[in-house]
Amino acid sequence: MMNAAIKTNIARLQIMKAKVLAALRKGENYELKTELNSEYKERRKEAVRRVIANMTVGKDVSGLFTDVLKNMHTDDLEIKKLIYLYLINYAKTQPDLVILAINTFVKDAEDTNPLIRALAIRTMGCLHVQEVLDYLCDPLRKCLKDPSPYVRKTAVMCVAKVYDLNASVAEENRFVESVREALADSNSMVMSNAVSALKKINSTSPERNAWNLDPNLVSKLLTAINECVEWGQVVILELLADYTPRDEKEAENICERVLPRLQHANGSVVLTTVRLLITYEKFVRRADLLAQFSKKMVPPLVTLVSSEPEIQYVALRNINIILQRHPKLLNKEIRVFFCRYNDPIYVKFEKLEVLLRICSERNTEPLLNELKEYAKEVDVDFVRHSIQAISKLAIRYESAAEKAVQVLLELLQTRVNHIVQNVMIAIHQIVRRYPHRFNSVLEGLCEYIEDVEEPDARAALIWILGEYSETIANISNILTTLLERFLEEEDEGVQLALVCAAVKFFLKSPQQGQALVLKALQTATEKCPNPDVRDRAYIYWRLLSADPNAARSVVLAEKPPIELQTTDLSPQLLEELLAELGSVSSVLQKPESQFVYKLSEKAGFPRGSRAVGMGLEDAESTPAGGSEGNSASGSGVVDTTNEGEPELLISF
């Protein structure tokens with residue numbers, strides 16, 4: 001009986017095992033594994049494509065590593081590219097198996113086709129595995145002297161990757177010297193890549209000073225820049241922007257030779273050229289030449305504002321920084337920055353900022369008319385910014401105040417809820433800036449009391465009522481009505497404004513305001529739960545009881561006119577951003593040091609420590625005071641998939 005039960009259980013387990021194996025065979029990876037080992041070339045090719053497609057969408061296909069590796073021996077360039085892409089992605093997780101592909105890499109590095117030679121050397125550099133480094137040196141040395149410029153330009157970029165992985169290997173094999181020699185290459189593409197590689201090497205180890213710029217090399221770079229593609233031009237322009245000319249004549253020569261870059265179709269080239277010209281202002285002393293440079297900068301900047309919305313946004317962020325150095329640069333181009341109906345909201349906000357910067361006293365009227373139209377848009381946030389811009393213009397230019405108040409009163413008549421709220425705050429600011437100048441329009445604001453709902457707007461209107469109570473008819477009834485709802489007001493600012501307005505009214509009209517102020521103070525001290533409001537009411541009560549004249553000198557004291565709050569960057573930050581114009585820094589308006597970190601720094605190592613550029617495991621195991629060793633394999637506790645590569649950490 002026992003034996004029969006055991007046999008039954010065994011049979012059931014075998015059935016379950018068969019079902020599990022059948023399910024596994026039906027899995028996609030099992031199917032791909034079968035296809036990758038197919039005897040038919042087309043099926044293997046399609047399988048490789050599917051593997052890369054799965055990898056691209058985030059599926060784990062690392063289990064197919066050996067099967068993919070078997071298909072490396074092929075003359076099909078498309079398949080070879082896909083397999084190399086797979087190897088780059090999974091080399092860190094399978095460092096031992098990558099060694100199996102070394103022979104194919106070395107063979108491809110000597111292929112007759114320059115595309116395959118370049119592909120092999122690029123892939124070996126991108127693997128970022130210590131074990132591959134020993135096999136990379138000889139092919140890399142040959143490719144640096146390759147007759148094909150395409151291979152040479154790929155090889156110089158590979159040197160930067162080798163240096164990042166193990167600087168001592170790059171120095172021992174004189175790869176860095178070879179890159180320096182490539183700066184004199186006859187091909188502009190190779191030269192620009194050599195500049196980019198040296199820039200990366202220098203950022204990895206600034207103390208080793210990979211650069212050795214002299215006037216002859218600068219002249220060669222200026223000649224090559226005309227033949228480079230746009231990104232090569234950007235790299236050379238960035239290098240020249242960091243170069244210190246020997247004298248004023250050399251600085252003038254460099255500026256004049258890069259001026260044609262302002263007419264380039266690529267916005268990055270234009271902005272980097274502007275950065276160079278602004279940087280060289282400290283070396284050029286001729287006023288006529290500086291004026292000529294400024295004049296040449298205007299048309300390309302205006303052209304950028306007419307581009308696609310994304311390019312417009314980047315250009316406007318950079319223009320905002322440039323205008324803080326040259327406020328009058330775009331004074332005559334104000335209409336270019338007027339918002340279009342189909343502009344994205346983020347572009348409209350940036351245009352508003354620029355319009356406020358470039359507006360002068362003579363063109364305030366057309367801008368105020370334009371802002372009035374913006375204030376009627378459907379986007380509430382944009383309307384708020386537009387009305388704020390109207391008040392800022394009035395505060396900045398006294399001659400524009402009359403027109404600004406007129407525009408605000410016209411907007412008030414629309415009785416649109418969000419417009420009314422923002423207009424009240426704007427009028428309050430203008431009245432603070434120009435006391436008693438607009439008394440005639442204040443009484444008309446009272447008819448909008450019921451429309452004003454937001455706390456800031458209500459507090460602004462009540463302040464106006466208290467400050468100018470002598471000019472407003474029927475003020476006693478208005479304040480009485482407001483005080484009846486005192487306890488219903490949820491905002492502390494509104495309650496404080498009501499108490500203060502009642503006290504001001506009493507001090508200006510004692511007979512009419514006595515009952516009103518008594519009611520306000522009693523309500524605030526006895527029924528209001530907010531301690532700040534109660535304390536303020538007690539202070540007013542004691543002042544009025546002890547010495548009304550003292551109360552008058554405190555409450556009715558002449559207030560200083562408000563000034564326009566500046567949004568300018570600090571001088572130090574402005575200089576840093578001007579030196580990084582055309583980069584992400586200028587868009588975020590933060591210096592690079594605040595959002596670009598290396599992996600070792602993220603792991604807790606301080607900047608400038610010996611851990612930077614070393615493997616994290618090696619850095620942890622090396623005793624204090626020990627010498628820098630070769631980079632570790634990167635198999636430490638911390639994920640080192642992109643070890644040594646800068647990571648962009650952006651938080652808006």
# chains A, B, ... in the order shown; residues from 1 in each chain; ligands from 1
>>> residues_around(residues="stretch 344-360 of chain A", least_positions_apart="5", cutoff="6 Å", atoms="only C-alpha atoms", output="MDAnalysis selection string")
chainID A and resid 313 331 337 339
>>> write_last_selection(atoms="N, CA and C atoms", output="compact mmCIF listing (two decimals), in the first residue's frame")
# COMPACT_ATOMS: atom_id res chain seq x y z
N TYR A 313 13.22 78.65 -25.98
CA TYR A 313 13.35 78.65 -24.52
C TYR A 313 14.82 78.72 -24.10
N ASN A 331 17.65 96.69 -26.92
CA ASN A 331 16.64 97.73 -26.68
C ASN A 331 15.76 98.02 -27.90
N PHE A 337 10.20 90.19 -29.11
CA PHE A 337 9.94 89.37 -27.93
C PHE A 337 8.48 89.40 -27.49
N CYS A 339 4.83 88.13 -27.23
CA CYS A 339 4.34 86.74 -27.23
C CYS A 339 3.37 86.52 -28.39
>>> residues_around(residues="A:Gly63", least_positions_apart="3", cutoff="10 Å", atoms="only C-alpha atoms", output="ChimeraX atom specification")
/A:29-30,33,60,66-68,90,94
>>> closest_atom_pairs(of="stretch 528-610 of chain A", to="stretch 425-446 of chain A", cutoff="12 Å", atoms="only C-alpha atoms", output="JSON lines")
{"residue": "A:Glu558", "atom": "CA", "partner": "A:Pro435", "partner_atom": "CA", "distance": 9.6}
{"residue": "A:Lys559", "atom": "CA", "partner": "A:Arg432", "partner_atom": "CA", "distance": 8.2}
{"residue": "A:Pro560", "atom": "CA", "partner": "A:Arg432", "partner_atom": "CA", "distance": 8.2}
{"residue": "A:Pro561", "atom": "CA", "partner": "A:Arg433", "partner_atom": "CA", "distance": 4.6}
{"residue": "A:Ile562", "atom": "CA", "partner": "A:Arg433", "partner_atom": "CA", "distance": 5.2}
{"residue": "A:Glu563", "atom": "CA", "partner": "A:Arg433", "partner_atom": "CA", "distance": 7.2}
{"residue": "A:Leu564", "atom": "CA", "partner": "A:Arg433", "partner_atom": "CA", "distance": 9.3}
{"residue": "A:Gln565", "atom": "CA", "partner": "A:Gln429", "partner_atom": "CA", "distance": 11.8}
>>> residues_around(residues="stretch 150-162 of chain A", least_positions_apart="4", cutoff="8 Å", atoms="only C-alpha atoms", output="ChimeraX atom specification")
/A:114-115,117-118,121-122,125-126,128,133,140,143-146,166-167,169-170,175-176,179,182,189-191,193-194,196-198,200-201
>>> closest_residue(among="A:Arg275, A:Val423, A:Ser168, A:Ser386", to="A:Asp451", atoms="only C-alpha atoms")
A:Val423
>>> residues_around(residues="A:Trp463", least_positions_apart="5", cutoff="8 Å", atoms="only C-alpha atoms", output="list of chain:residue names")
A:His428, A:Ala497, A:Leu498, A:Cys500, A:Ala501
>>> write_last_selection(atoms="N, CA and C atoms", output="PDB file, in the first residue's frame")
ATOM      1  N   HIS A 428      -2.358  98.468  -5.496  1.00  0.00           N
ATOM      2  CA  HIS A 428      -1.818  98.687  -4.150  1.00  0.00           C
ATOM      3  C   HIS A 428      -0.322  98.995  -4.212  1.00  0.00           C
ATOM      4  N   ALA A 497      -5.162  93.768   8.494  1.00  0.00           N
ATOM      5  CA  ALA A 497      -5.426  94.940   7.660  1.00  0.00           C
ATOM      6  C   ALA A 497      -6.705  95.655   8.096  1.00  0.00           C
ATOM      7  N   LEU A 498      -7.737  94.885   8.481  1.00  0.00           N
ATOM      8  CA  LEU A 498      -8.997  95.483   8.944  1.00  0.00           C
ATOM      9  C   LEU A 498      -8.807  96.267  10.249  1.00  0.00           C
ATOM     10  N   CYS A 500      -6.033  97.552  11.389  1.00  0.00           N
ATOM     11  CA  CYS A 500      -5.203  98.730  11.093  1.00  0.00           C
ATOM     12  C   CYS A 500      -6.014  99.808  10.368  1.00  0.00           C
ATOM     13  N   ALA A 501      -6.864  99.403   9.418  1.00  0.00           N
ATOM     14  CA  ALA A 501      -7.689 100.369   8.684  1.00  0.00           C
ATOM     15  C   ALA A 501      -8.657 101.084   9.621  1.00  0.00           C
TER      16      ALA A 501
END
>>> select_by_dssp(residues="stretch 26-79 of chain A", states="helix (DSSP H, G or I)", output="PyMOL selection string")
chain A and resi 28-36+41-56+62-72+77-79
>>> atom_distance(atom1="atom CA of A:Ala291", atom2="atom CA of A:Glu575")
20.3 Å
>>> residues_around(residues="A:Leu408", least_positions_apart="4", cutoff="12 Å", atoms="only C-alpha atoms", output="PyMOL selection string")
chain A and resi 368-369+371-373+375-376+386-391+394+401-404+412-415+419-428+430+441+445
>>> closest_residue(among="A:Lys80, A:Lys220, A:Arg317, A:Arg12", to="A:Val584", atoms="only C-alpha atoms")
A:Arg317
